[in-house]
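Q: Sharing input_16.cif below, mmCIF, C-alpha atoms:
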data_entry
#
loop_
_atom_site.label_atom_id
_atom_site.label_comp_id
_atom_site.auth_asym_id
_atom_site.auth_seq_id
_atom_site.Cartn_x
_atom_site.Cartn_y
_atom_site.Cartn_z
CA MET A 1237 47.57 45.93 3.33
CA GLN A 1238 46.10 42.67 2.09
CA ARG A 1239 43.02 42.98 -0.12
CA SER A 1240 40.95 41.00 2.38
CA GLN A 1241 41.59 43.69 5.00
CA LEU A 1242 40.48 46.64 2.87
CA VAL A 1243 36.92 46.44 4.18
CA ARG A 1244 37.84 47.03 7.84
CA PRO A 1245 39.13 50.61 7.51
CA ALA A 1246 36.41 51.42 4.97
CA ALA A 1247 33.71 50.24 7.39
CA MET A 1248 35.33 52.17 10.24
CA PHE A 1249 35.55 55.29 8.07
CA TRP A 1250 31.78 55.19 7.53
CA GLY A 1251 31.32 54.86 11.28
CA LEU A 1252 33.62 57.83 11.86
CA THR A 1253 31.77 60.04 9.36
CA VAL A 1254 28.13 59.53 10.36
CA PHE A 1255 28.00 62.86 12.23
CA MET A 1256 29.55 64.83 9.37
CA PRO A 1257 27.82 66.64 6.46
CA VAL A 1258 26.09 64.31 4.04
CA GLY A 1259 28.79 64.40 1.38
CA VAL A 1260 31.28 62.65 3.66
CA PRO A 1261 28.99 59.67 4.49
CA TYR A 1262 28.29 59.41 0.75
CA LEU A 1263 32.05 59.18 0.20
CA ALA A 1264 32.22 56.48 2.88
CA PHE A 1265 29.34 54.63 1.19
CA PHE A 1266 31.18 54.46 -2.13
CA LEU A 1267 34.55 53.68 -0.53
CA LEU A 1268 33.05 50.69 1.26
CA LEU A 1269 31.35 49.56 -1.94
CA VAL A 1270 34.68 49.67 -3.78
CA ALA A 1271 36.43 47.92 -0.87
CA LEU A 1272 33.87 45.11 -0.88
CA PHE A 1273 34.41 44.49 -4.58
CA ALA A 1274 38.20 44.77 -4.31
CA ALA A 1275 38.53 42.54 -1.23
CA GLY A 1276 37.07 39.45 -2.87
CA GLY A 1277 35.34 36.71 -0.90
CA TRP A 1278 32.10 37.42 -2.75
CA ARG A 1279 30.82 33.86 -2.48
CA GLU A 1280 31.13 33.90 1.31
CA ARG A 1281 29.34 37.24 1.51
CA ALA A 1282 26.62 36.04 -0.85
CA VAL A 1283 26.03 32.98 1.31
CA ARG A 1284 25.87 35.20 4.40
CA LEU A 1285 23.30 37.46 2.77
CA ARG A 1286 21.15 34.67 1.34
CA SER A 1287 20.91 33.01 4.75
CA ASN A 1288 19.92 36.26 6.47
CA PRO A 1289 16.19 36.59 7.36
CA LEU A 1290 16.30 40.14 5.98
CA TRP A 1291 17.32 38.97 2.51
CA TRP A 1292 13.84 38.30 1.14
CA PRO A 1293 12.20 41.43 2.63
CA VAL A 1294 14.92 43.57 1.03
CA ILE A 1295 14.59 41.73 -2.28
CA ALA A 1296 10.79 42.15 -2.20
CA TYR A 1297 11.22 45.88 -1.59
CA VAL A 1298 13.70 46.26 -4.48
CA VAL A 1299 11.68 44.11 -6.91
CA TRP A 1300 8.44 45.96 -6.23
CA THR A 1301 10.22 49.31 -6.65
CA LEU A 1302 11.54 48.21 -10.04
CA VAL A 1303 8.14 46.85 -11.10
CA VAL A 1304 6.47 50.18 -10.29
CA LEU A 1305 9.32 51.98 -12.08
CA ALA A 1306 8.82 49.84 -15.19
CA PHE A 1307 5.03 50.10 -15.45
CA GLY A 1308 4.22 53.33 -13.60
CA PRO A 1309 4.45 56.98 -14.68
CA HIS A 1310 7.74 58.87 -14.55
CA TYR A 1311 8.42 62.38 -13.22
CA PRO A 1312 11.36 64.79 -12.97
CA GLN A 1313 11.88 63.47 -9.43
CA THR A 1314 11.91 59.81 -10.51
CA PRO A 1315 15.71 59.42 -10.85
CA SER A 1316 16.51 60.91 -7.44
CA ASN A 1317 13.78 58.93 -5.67
CA LEU A 1318 14.92 55.72 -7.36
CA VAL A 1319 18.51 56.34 -6.26
CA HIS A 1320 17.43 56.97 -2.67
CA GLY A 1321 15.22 53.90 -2.67
CA LEU A 1322 18.00 51.64 -3.93
CA ARG A 1323 20.50 53.28 -1.58
CA ILE A 1324 18.37 52.12 1.34
CA ALA A 1325 18.62 48.52 0.16
CA ALA A 1326 22.34 48.83 -0.65
CA THR A 1327 23.13 50.22 2.82
CA LEU A 1328 21.38 47.31 4.48
CA LEU A 1329 22.97 44.68 2.25
CA MET A 1330 26.47 46.10 2.68
CA ALA A 1331 26.15 46.13 6.47
CA LEU A 1332 24.72 42.62 6.60
CA SER A 1333 27.46 41.28 4.31
CA LEU A 1334 30.24 42.27 6.71
CA THR A 1335 32.11 39.76 8.82
CA ARG A 1336 31.94 40.12 12.59
CA GLU A 1337 35.37 41.78 12.69
CA GLU A 1338 34.48 44.22 9.92
CA ALA A 1339 31.24 45.16 11.68
CA LEU A 1340 33.20 45.73 14.89
CA TRP A 1341 35.45 48.17 13.07
CA ALA A 1342 32.39 50.11 11.89
CA LEU A 1343 31.02 50.14 15.43
CA ARG A 1344 34.35 51.36 16.81
CA GLY A 1345 34.30 54.28 14.41
CA PHE A 1346 30.75 55.26 15.37
CA LEU A 1347 31.21 55.05 19.14
CA LEU A 1348 34.60 56.76 19.02
CA MET A 1349 33.22 59.70 17.08
CA ALA A 1350 30.12 59.87 19.27
CA LEU A 1351 32.20 60.14 22.44
CA ALA A 1352 34.50 62.67 20.77
CA ASN A 1353 31.47 64.77 19.84
CA ILE A 1354 30.11 64.64 23.40
CA VAL A 1355 33.47 65.99 24.60
CA LEU A 1356 33.39 68.62 21.85
CA ILE A 1357 29.93 69.80 22.90
CA ALA A 1358 30.92 69.97 26.56
CA THR A 1359 34.14 71.90 25.92
CA SER A 1360 32.57 74.30 23.41
CA HIS A 1361 29.80 75.02 25.90
CA ALA A 1362 32.26 75.50 28.75
CA PHE A 1363 34.78 77.67 26.90
CA GLY A 1364 32.61 79.19 24.18
CA PHE A 1365 34.92 78.55 21.23
CA GLN A 1366 33.51 78.30 17.72
CA VAL A 1367 33.44 74.78 16.28
CA PRO A 1368 34.46 74.07 12.66
CA GLU A 1369 31.74 74.39 10.04
CA ALA A 1370 31.59 70.62 9.48
CA TRP A 1371 30.60 70.12 13.14
CA ARG A 1372 27.98 72.87 13.47
CA GLY A 1373 25.22 70.28 13.12
CA VAL A 1374 26.58 68.56 16.23
CA VAL A 1375 26.34 71.56 18.58
CA MET A 1376 23.29 73.43 17.25
CA PRO A 1377 20.18 72.89 15.09
CA VAL A 1378 21.17 72.97 11.42
CA GLY A 1379 18.37 71.42 9.39
CA ASN A 1380 17.99 67.70 8.92
CA LYS A 1381 21.64 66.98 9.68
CA SER A 1382 21.04 68.04 13.28
CA ILE A 1383 18.02 65.72 13.40
CA SER A 1384 20.28 62.92 12.16
CA ASN A 1385 22.92 63.71 14.77
CA ALA A 1386 20.32 63.85 17.54
CA LEU A 1387 19.05 60.40 16.54
CA LEU A 1388 22.61 59.05 16.50
CA PHE A 1389 23.17 60.45 19.97
CA THR A 1390 19.93 58.76 21.00
CA VAL A 1391 21.36 55.42 19.87
CA VAL A 1392 24.45 56.11 22.01
CA GLY A 1393 22.37 57.14 25.02
CA ALA A 1394 20.09 54.11 24.70
CA THR A 1395 23.11 51.83 24.32
CA ALA A 1396 24.62 53.28 27.49
CA ALA A 1397 21.31 52.88 29.33
CA VAL A 1398 21.06 49.23 28.24
CA PHE A 1399 24.59 48.62 29.48
CA GLY A 1400 23.82 50.37 32.76
CA LEU A 1401 20.66 48.33 33.33
CA ALA A 1402 22.63 45.14 32.72
CA ALA A 1403 25.38 46.30 35.07
CA LEU A 1404 22.85 46.70 37.88
CA SER A 1405 22.28 42.96 37.70
CA GLU A 1406 25.98 42.08 37.76
CA ARG A 1407 28.75 42.21 40.32
CA HIS A 1408 30.29 45.39 38.91
CA ARG A 1409 27.36 47.69 39.64
CA TRP A 1410 29.65 50.73 39.67
CA GLN A 1411 29.79 50.49 35.85
CA ALA A 1412 26.19 51.64 35.75
CA VAL A 1413 27.22 55.10 37.00
CA PRO A 1414 29.28 56.22 33.96
CA ALA A 1415 26.79 54.49 31.65
CA PHE A 1416 23.83 56.44 33.02
CA ALA A 1417 25.96 59.61 33.02
CA ILE A 1418 26.38 59.19 29.25
CA THR A 1419 22.62 58.67 28.89
CA LEU A 1420 21.95 61.85 30.86
CA ALA A 1421 24.48 63.78 28.76
CA VAL A 1422 22.75 62.58 25.60
CA VAL A 1423 19.33 63.71 26.89
CA VAL A 1424 20.76 67.17 27.57
CA ILE A 1425 22.33 67.29 24.10
CA ILE A 1426 19.31 66.17 22.09
CA PHE A 1427 16.92 68.44 23.95
CA PHE A 1428 18.80 71.59 24.88
CA LYS A 1429 21.45 71.65 22.13
CA LEU A 1430 19.85 70.02 19.09
CA ASP A 1431 16.21 70.70 20.03
CA SER A 1432 14.91 67.35 18.77
CA ARG A 1433 11.53 66.25 20.08
CA THR A 1434 11.69 63.12 17.94
CA SER A 1435 14.91 62.01 19.62
CA LEU A 1436 13.62 62.79 23.09
CA LEU A 1437 10.42 60.85 22.38
CA ALA A 1438 12.52 57.94 21.08
CA MET A 1439 14.61 57.93 24.25
CA LEU A 1440 11.50 57.94 26.43
CA LEU A 1441 10.07 54.98 24.52
CA VAL A 1442 13.08 52.74 23.97
CA ILE A 1443 14.37 52.64 27.55
CA PRO A 1444 11.11 51.08 28.88
CA ALA A 1445 11.26 48.76 25.85
CA ALA A 1446 14.80 47.78 26.89
CA CYS A 1447 13.49 46.98 30.38
CA LEU A 1448 10.79 44.81 28.81
CA HIS A 1449 13.44 43.02 26.74
CA GLN A 1450 15.71 42.45 29.75
CA TRP A 1451 13.14 41.35 32.34
CA ARG A 1452 10.42 39.84 30.14
CA ARG A 1453 10.58 36.60 32.15
CA ARG A 1454 10.70 38.34 35.57
CA LEU A 1455 7.44 40.23 35.86
CA GLY A 1456 8.09 41.47 39.38
CA VAL A 1457 11.41 43.07 38.47
CA LEU A 1458 9.91 44.42 35.26
CA SER A 1459 7.02 46.07 37.12
CA LEU A 1460 9.39 47.67 39.61
CA ALA A 1461 11.65 48.93 36.81
CA MET A 1462 8.68 50.45 34.98
CA VAL A 1463 7.43 52.23 38.10
CA LEU A 1464 10.87 53.59 38.94
CA GLY A 1465 11.41 54.61 35.33
CA ALA A 1466 8.10 56.47 35.22
CA ALA A 1467 9.00 58.25 38.44
CA VAL A 1468 12.38 59.32 37.04
CA VAL A 1469 10.80 60.59 33.83
CA ALA A 1470 8.13 62.50 35.72
CA ALA A 1471 10.63 64.05 38.13
CA GLY A 1472 13.45 64.70 35.68
CA LEU A 1473 11.73 65.59 32.44
CA TRP A 1474 8.03 66.35 32.67
CA SER A 1475 8.65 68.63 35.63
CA SER A 1476 10.92 70.71 33.38
CA PRO A 1477 9.15 73.86 32.11
CA ALA A 1478 11.21 73.70 28.89
CA VAL A 1479 9.99 70.18 28.13
CA GLN A 1480 6.41 71.10 28.87
CA ARG A 1481 6.60 74.18 26.62
CA LYS A 1482 7.92 72.19 23.66
CA PHE A 1483 5.22 69.54 23.82
CA GLU A 1484 2.53 72.13 24.51
CA LEU A 1485 3.74 73.96 21.40
CA GLY A 1486 3.37 70.77 19.40
CA VAL A 1487 -0.19 70.22 20.60
CA HIS A 1488 -1.01 73.87 19.87
CA GLU A 1489 0.39 73.54 16.34
CA LEU A 1490 -1.70 70.43 15.76
CA GLU A 1491 -4.85 72.20 16.93
CA GLN A 1492 -4.08 75.12 14.63
CA ALA A 1493 -3.62 72.81 11.65
CA GLN A 1494 -6.91 71.05 12.36
CA GLY A 1495 -8.52 74.48 12.35
CA GLY A 1496 -7.16 75.22 8.87
CA ALA A 1497 -4.13 77.35 9.76
CA VAL A 1498 -1.00 76.88 7.64
CA SER A 1499 2.51 77.63 8.92
CA GLU A 1500 6.05 76.23 8.98
CA GLY A 1501 5.46 74.76 12.44
CA SER A 1502 6.80 71.23 12.73
CA TRP A 1503 3.52 69.56 13.67
CA VAL A 1504 1.52 71.74 11.27
CA VAL A 1505 3.68 70.55 8.38
CA ARG A 1506 3.29 66.92 9.44
CA TYR A 1507 -0.47 67.24 9.80
CA TYR A 1508 -0.93 68.36 6.20
CA MET A 1509 1.68 65.94 4.85
CA TYR A 1510 0.19 62.93 6.60
CA ARG A 1511 -3.37 63.89 5.67
CA ASP A 1512 -2.69 64.56 2.00
CA THR A 1513 -0.28 61.65 1.54
CA GLY A 1514 -2.86 59.34 3.08
CA ARG A 1515 -5.33 60.56 0.48
CA MET A 1516 -2.78 59.84 -2.26
CA ILE A 1517 -2.56 56.24 -1.08
CA ILE A 1518 -6.36 55.89 -0.89
CA ASP A 1519 -6.66 57.15 -4.48
CA ARG A 1520 -4.10 54.62 -5.82
CA PRO A 1521 -3.67 51.89 -3.20
CA PHE A 1522 -2.07 49.15 -5.32
CA ALA A 1523 0.77 50.66 -7.36
CA GLY A 1524 0.75 54.24 -6.14
CA TRP A 1525 1.54 57.29 -8.26
CA GLY A 1526 4.88 56.01 -9.51
CA ILE A 1527 8.44 56.46 -8.28
CA GLY A 1528 8.92 60.19 -7.70
CA GLY A 1529 5.18 60.83 -7.76
CA TRP A 1530 4.85 62.15 -4.22
CA THR A 1531 6.34 65.57 -5.00
CA GLU A 1532 4.11 66.02 -8.04
CA GLN A 1533 0.99 65.16 -6.06
CA TRP A 1534 2.07 67.28 -3.10
CA HIS A 1535 2.31 70.34 -5.33
CA LEU A 1536 -1.26 69.69 -6.46
CA ARG A 1537 -2.76 68.88 -3.05
CA GLY A 1538 -0.67 70.53 -0.32
CA PRO A 1539 -0.80 74.12 0.91
CA LYS A 1540 1.15 76.50 -1.33
CA LEU A 1541 3.20 77.75 1.63
CA LEU A 1542 4.63 74.24 2.07
CA ALA A 1543 5.16 73.43 -1.62
CA ASP A 1544 8.98 73.29 -1.38
CA TYR A 1545 9.09 70.01 0.57
CA ASN A 1546 10.16 66.92 -1.37
CA MET A 1547 9.36 64.16 1.15
CA PRO A 1548 6.45 63.57 3.55
CA HIS A 1549 8.40 63.14 6.83
CA ASN A 1550 7.31 59.51 7.00
CA ASP A 1551 9.00 56.84 4.92
CA PHE A 1552 6.06 54.44 4.94
CA LEU A 1553 3.78 57.16 3.57
CA TRP A 1554 6.48 58.09 1.04
CA MET A 1555 6.73 54.52 -0.20
CA GLY A 1556 2.97 54.00 -0.05
CA SER A 1557 2.24 57.09 -2.14
CA GLN A 1558 4.78 56.10 -4.80
CA ALA A 1559 4.50 52.30 -4.82
CA GLY A 1560 1.16 51.63 -3.17
CA ILE A 1561 0.37 49.61 -0.10
CA PRO A 1562 2.60 46.69 -1.25
CA GLY A 1563 5.55 49.08 -1.38
CA ALA A 1564 4.83 50.48 2.08
CA LEU A 1565 4.40 46.97 3.49
CA SER A 1566 7.69 45.81 1.96
CA LEU A 1567 9.53 48.65 3.68
CA LEU A 1568 7.68 48.02 6.94
CA LEU A 1569 8.56 44.33 6.74
CA ILE A 1570 12.27 45.19 6.62
CA ILE A 1571 12.06 47.24 9.82
CA LEU A 1572 9.81 44.76 11.66
CA THR A 1573 12.06 41.85 10.70
CA GLY A 1574 15.02 43.69 12.19
CA ILE A 1575 13.09 44.33 15.41
CA TRP A 1576 12.01 40.69 15.60
CA LEU A 1577 15.57 39.42 15.06
CA ALA A 1578 16.78 41.64 17.90
CA TRP A 1579 13.86 40.75 20.18
CA ARG A 1580 14.32 37.01 19.90
CA ARG A 1581 17.91 37.29 21.11
CA ASP A 1582 17.31 37.84 24.81
CA ASP A 1583 20.78 38.93 25.93
CA LEU A 1584 22.70 42.20 26.08
CA ILE A 1585 23.79 42.06 22.44
CA GLY A 1586 20.22 41.53 21.29
CA ARG A 1587 19.10 44.41 23.50
CA TYR A 1588 21.61 46.79 21.89
CA ALA A 1589 20.20 45.91 18.47
CA PHE A 1590 16.61 46.07 19.76
CA VAL A 1591 16.84 49.69 20.92
CA ALA A 1592 18.68 50.70 17.74
CA GLN A 1593 15.97 49.14 15.57
CA LEU A 1594 13.21 50.79 17.61
CA ILE A 1595 14.88 54.20 17.24
CA LEU A 1596 15.04 53.58 13.48
CA LEU A 1597 11.32 52.69 13.45
CA ILE A 1598 10.37 55.82 15.41
CA ALA A 1599 12.50 58.03 13.19
CA THR A 1600 11.07 56.43 10.06
CA ASN A 1601 7.57 57.31 11.25
CA ALA A 1602 8.36 60.85 12.44
CA ASN A 1603 10.95 61.87 9.82
CA SER A 1604 12.15 60.69 6.44
CA ALA A 1605 14.87 58.73 8.18
CA LEU A 1606 15.46 56.44 5.19
CA ARG A 1607 14.55 58.59 2.19
CA ASP A 1608 16.58 61.59 3.43
CA ALA A 1609 20.25 60.75 2.90
CA GLN A 1610 21.27 63.19 5.63
CA ILE A 1611 19.62 60.81 8.11
CA GLY A 1612 19.49 57.53 6.21
CA LEU A 1613 23.18 57.31 5.35
CA SER A 1614 24.00 57.43 9.06
CA LEU A 1615 21.17 56.12 11.24
CA LEU A 1616 20.32 53.20 8.96
CA TRP A 1617 24.01 52.23 8.71
CA VAL A 1618 24.48 52.26 12.50
CA ALA A 1619 21.23 50.36 13.17
CA ALA A 1620 22.20 47.76 10.55
CA ILE A 1621 25.65 47.32 12.13
CA TYR A 1622 24.03 46.75 15.53
CA LEU A 1623 21.74 44.17 13.95
CA ARG A 1624 24.59 42.47 12.09
CA LEU A 1625 26.48 41.95 15.36
CA ALA A 1626 23.32 40.64 17.02
CA GLN A 1627 23.21 37.90 14.41
CA GLU A 1628 26.62 36.60 15.44
CA PRO A 1629 26.66 33.92 18.17
CA GLY A 1630 28.14 34.66 21.58
CA ASP A 1631 29.44 38.01 22.77
CA SER A 1632 29.91 39.59 19.36
CA TRP A 1633 30.84 42.96 20.94
CA ARG A 1634 33.77 41.33 22.70
CA GLY A 1635 37.00 42.90 21.51
CA LEU A 1636 35.33 46.22 20.70
CA ILE A 1637 38.39 47.87 22.25
CA PRO A 1638 41.20 45.88 20.60
CA ARG A 1639 44.28 44.92 22.56
CA ARG A 1640 47.64 45.74 21.04
CA ASP A 1641 48.68 42.11 20.94
CA ALA A 1642 45.47 41.27 19.05
CA LEU A 1643 46.30 43.95 16.49
CA ALA A 1644 49.79 42.53 16.13
CA LEU A 1645 48.44 39.05 15.44
CA SER A 1646 46.14 40.46 12.77
CA GLY A 1647 49.07 42.19 11.08
CA ASP A 1648 47.80 45.73 11.79
CA ALA A 1649 50.58 46.70 14.23
CA PRO A 1650 53.98 45.50 15.41
CA ARG A 1651 53.79 42.75 17.97
CA PRO A 1652 54.31 44.26 21.47
CA ARG A 1653 55.45 42.55 24.61
CA PRO A 1654 52.65 40.66 26.41
CA LEU A 1655 50.84 42.78 28.98
#
For the structure just supplied, provide its representation as structure tokens.
A:
Amino acid sequence: MQRSQLVRPAAMFWGLTVFMPVGVPYLAFFLLLVALFAAGGWRERAVRLRSNPLWWPVIAYVVWTLVVLAFGPHYPQTPSNLVHGLRIAATLLMALSLTREEALWALRGFLLMALANIVLIATSHAFGFQVPEAWRGVVMPVGNKSISNALLFTVVGATAAVFGLAALSERHRWQAVPAFAITLAVVVIIFFKLDSRTSLLAMLLVIPAACLHQWRRRLGVLSLAMVLGAAVVAAGLWSSPAVQRKFELGVHELEQAQGGAVSEGSWVVRYYMYRDTGRMIIDRPFAGWGIGGWTEQWHLRGPKLLADYNMPHNDFLWMGSQAGIPGALSLLLIILTGIWLAWRRDDLIGRYAFVAQLILLIATNANSALRDAQIGLSLLWVAAIYLRLAQEPGDSWRGLIPRRDALALSGDAPRPRPL
């Protein structure tokens, strides 16, 4: 294989591994990094990065992190937090440096594995066989990796919904049926299998946002779509006793926390984390408590029952507590720039990136979707690949399923007879 083609399989490998335990995406991260250095073409990639609107927000985030590291206090958690912070920037820069073809290979890997996992979930449910250990986080709640997988499935379901909505406006309306079937399957998976309220909330928010993106210049169609969408949600989800119980539980947990109760309940934990982390930022709003300082402060301020946590379930609060308001704003600027880039492209490709970026924003607010490598090595990578393809002109998803003759011309397979 030519050196210039090393990046394609490395990018695809990362896409294939996003649902797997965190060690495998880490391996994919380093393999792609090595492939990028070995493949050459650095000047072209540097030009691509420097011309990207995300370049300066990422640089501002990295520079401010290093400034706080240099002049702020250090803690036992400083090295790990610094690594995670720089990994966030490296993941973005690697994705944005890819060529269109390399990004397509990464996307192929992600979508192929997502569909394979949907089939795995369906067959394991139907026949009751035990899945391998590496895939337990795909079929049942297993810590943060299941949260990551639920969010990845949400990206797939939102992508299918966007495609289905577009198909309704085209001649081939029948294509909307399998697309919406995938969306429905994803809703069942994230709610009944992986038990993720964050993912369900994201799905409920991004599909109306996709309608807004698609019909922003046709207010009549947009209004009808919103009404129909609200009716479907009310009939299909909010009428479900299971859905009602989960959200009622969340409200009950929040009320308990406000009353002073402490427990491991999801919303109880978030209440105390958000409250106490907000107070950390108020106490040191400019430079924060230093890289790695959140854990130290949490042990001093948070309830003793919850002392084992090492991140506040909100990346903006995490960055704000450690690097002050400028640090939080630099991270927020990265996400908002990605959303703006996707919004301003008003076609199907832009809409794919738009919903992916919104899911990333929601997850970053409700979980440590960037700081936690179990989520950030996968969701951030996929969202960045979607955004990278949205920055290419024309139908950048065209050729997602490669033809055999196209592979032959690229040197990846023997040339077949024309179809």
Q: From the options A:Tyr1297, A:Phe1265, A:Phe1399, A:Trp1371, which residue's atoms come nearest to Leu1322 (chain A), counting all atoms listed in the file?
A: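 Looking only at the distances to Leu1322 (chain A), the closest residue turns out to be A:Tyr1297.
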Q: With the PyMOL selection byres ((chain A and resi 1566) around 9) as the selection, what would be picked from this file? Answer as a list in words, please.
A: Pro1293, Val1294, Ala1296, Tyr1297, Val1298, Trp1300, Ile1561, Pro1562, Gly1563, Ala1564, Leu1565, Leu1567, Leu1568, Leu1569 and Ile1570 of chain A
Q: Just C-alpha atoms for this one: save the residues we selected as an mmCIF file, keeping the file's coordinate frame.
A:
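Below is the file part_1.cif, written as the result:
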data_model
loop_
_atom_site.group_PDB
_atom_site.id
_atom_site.type_symbol
_atom_site.label_atom_id
_atom_site.label_comp_id
_atom_site.auth_asym_id
_atom_site.auth_seq_id
_atom_site.Cartn_x
_atom_site.Cartn_y
_atom_site.Cartn_z
ATOM 1 C CA PRO A 1293 12.200 41.430 2.630
ATOM 2 C CA VAL A 1294 14.920 43.570 1.030
ATOM 3 C CA ALA A 1296 10.790 42.150 -2.200
ATOM 4 C CA TYR A 1297 11.220 45.880 -1.590
ATOM 5 C CA VAL A 1298 13.700 46.260 -4.480
ATOM 6 C CA TRP A 1300 8.440 45.960 -6.230
ATOM 7 C CA ILE A 1561 0.370 49.610 -0.100
ATOM 8 C CA PRO A 1562 2.600 46.690 -1.250
ATOM 9 C CA GLY A 1563 5.550 49.080 -1.380
ATOM 10 C CA ALA A 1564 4.830 50.480 2.080
ATOM 11 C CA LEU A 1565 4.400 46.970 3.490
ATOM 12 C CA LEU A 1567 9.530 48.650 3.680
ATOM 13 C CA LEU A 1568 7.680 48.020 6.940
ATOM 14 C CA LEU A 1569 8.560 44.330 6.740
ATOM 15 C CA ILE A 1570 12.270 45.190 6.620
#
Q: Give me the residues within 9 Å of Leu1343 (chain A) as number ranges by chain, counting only C-alpha atoms and dropping any in the same chain fewer than 2 places off.
A: A: 1247-1248, 1251-1252, 1338-1341, 1345-1348, 1618, 1621-1622, 1636
Q: Nearest to Val1260 (chain A): which of A:Ala1493, A:Ala1609, A:Met1555, A:Leu1436 is it, counting all atoms listed in the file?
A: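 Going through A:Ala1493, A:Ala1609, A:Met1555, A:Leu1436 one by one, the smallest distance to Val1260 (chain A) is for A:Ala1609.
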Q: How many Å separate CA of Val1487 (chain A) from CA of Val1505 (chain A)?
A: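 Interatomic distance, CA of Val1487 (chain A) to CA of Val1505 (chain A): 12.8 Å.
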Q: Expanded to explicit residues, what is the PyMOL selection byres ((chain A and resi 1266) around 12) for this file, as a ChimeraX atom specification?
A: /A:1243,1246-1247,1249-1250,1259-1265,1267-1273,1323,1326-1327,1330,1613
Q: Centre and edge lengths of an axis-aligned box around all listed atoms of region 1332-1349 of chain A, with 3 Å added on each side, are to be given in Å to one decimal, as lines of an AutoDock Vina configuration file.
A:
center_x = 30.1
center_y = 49.7
center_z = 11.7
size_x = 16.7
size_y = 25.9
size_z = 20.8
Q: Which of these residues is nearest to Arg1587 (chain A), using all atoms listed in the file: A:Phe1363, A:Trp1292, A:Trp1451, A:Trp1525?
A: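 Using all atoms listed in the file, the shortest distance to Arg1587 (chain A) belongs to A:Trp1451.
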Q: Write out as a CSV table (one decimal) with C-alpha atoms, keeping the file's coordinate frame the residues lying within 12 Å of Ala1403 (chain A), counting only C-alpha atoms and excluding same-chain residues fewer than 4 positions away.
A:
chain,number,residue,atom,x,y,z
A,1396,ALA,CA,24.6,53.3,27.5
A,1397,ALA,CA,21.3,52.9,29.3
A,1398,VAL,CA,21.1,49.2,28.2
A,1399,PHE,CA,24.6,48.6,29.5
A,1407,ARG,CA,28.8,42.2,40.3
A,1408,HIS,CA,30.3,45.4,38.9
A,1409,ARG,CA,27.4,47.7,39.6
A,1410,TRP,CA,29.6,50.7,39.7
A,1411,GLN,CA,29.8,50.5,35.8
A,1412,ALA,CA,26.2,51.6,35.8
A,1413,VAL,CA,27.2,55.1,37.0
A,1414,PRO,CA,29.3,56.2,34.0
A,1415,ALA,CA,26.8,54.5,31.6
A,1416,PHE,CA,23.8,56.4,33.0
A,1450,GLN,CA,15.7,42.4,29.8
A,1584,LEU,CA,22.7,42.2,26.1
Q: For the provided coordinates, the residues matched by the PyMOL selection byres ((chain A and resi 1526) around 9) should be stated as a list in words.
A: Val1304, Leu1305, Phe1307, Gly1308, Pro1309, His1310, Tyr1311, Thr1314, Ala1523, Gly1524, Trp1525, Ile1527, Gly1528, Gly1529, Trp1530, Ser1557, Gln1558, Ala1559 and Gly1560 of chain A
Q: Write the residues you've just listed into a file as a PDB file, in the coordinates of the input, and include C-alpha atoms for each of them.
A:
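Saved the output as again.pdb:
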ATOM      1  CA  VAL A1304       6.470  50.180 -10.290  1.00  0.00           C
ATOM      2  CA  LEU A1305       9.320  51.980 -12.080  1.00  0.00           C
ATOM      3  CA  PHE A1307       5.030  50.100 -15.450  1.00  0.00           C
ATOM      4  CA  GLY A1308       4.220  53.330 -13.600  1.00  0.00           C
ATOM      5  CA  PRO A1309       4.450  56.980 -14.680  1.00  0.00           C
ATOM      6  CA  HIS A1310       7.740  58.870 -14.550  1.00  0.00           C
ATOM      7  CA  TYR A1311       8.420  62.380 -13.220  1.00  0.00           C
ATOM      8  CA  THR A1314      11.910  59.810 -10.510  1.00  0.00           C
ATOM      9  CA  ALA A1523       0.770  50.660  -7.360  1.00  0.00           C
ATOM     10  CA  GLY A1524       0.750  54.240  -6.140  1.00  0.00           C
ATOM     11  CA  TRP A1525       1.540  57.290  -8.260  1.00  0.00           C
ATOM     12  CA  ILE A1527       8.440  56.460  -8.280  1.00  0.00           C
ATOM     13  CA  GLY A1528       8.920  60.190  -7.700  1.00  0.00           C
ATOM     14  CA  GLY A1529       5.180  60.830  -7.760  1.00  0.00           C
ATOM     15  CA  TRP A1530       4.850  62.150  -4.220  1.00  0.00           C
ATOM     16  CA  SER A1557       2.240  57.090  -2.140  1.00  0.00           C
ATOM     17  CA  GLN A1558       4.780  56.100  -4.800  1.00  0.00           C
ATOM     18  CA  ALA A1559       4.500  52.300  -4.820  1.00  0.00           C
ATOM     19  CA  GLY A1560       1.160  51.630  -3.170  1.00  0.00           C
TER      20      GLY A1560
END
Q: Just give me the gap between CA of Glu1280 (chain A) and CA of Leu1329 (chain A) in Å, one decimal is fine.
A: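 Here the two named atoms are 13.6 Å from each other.
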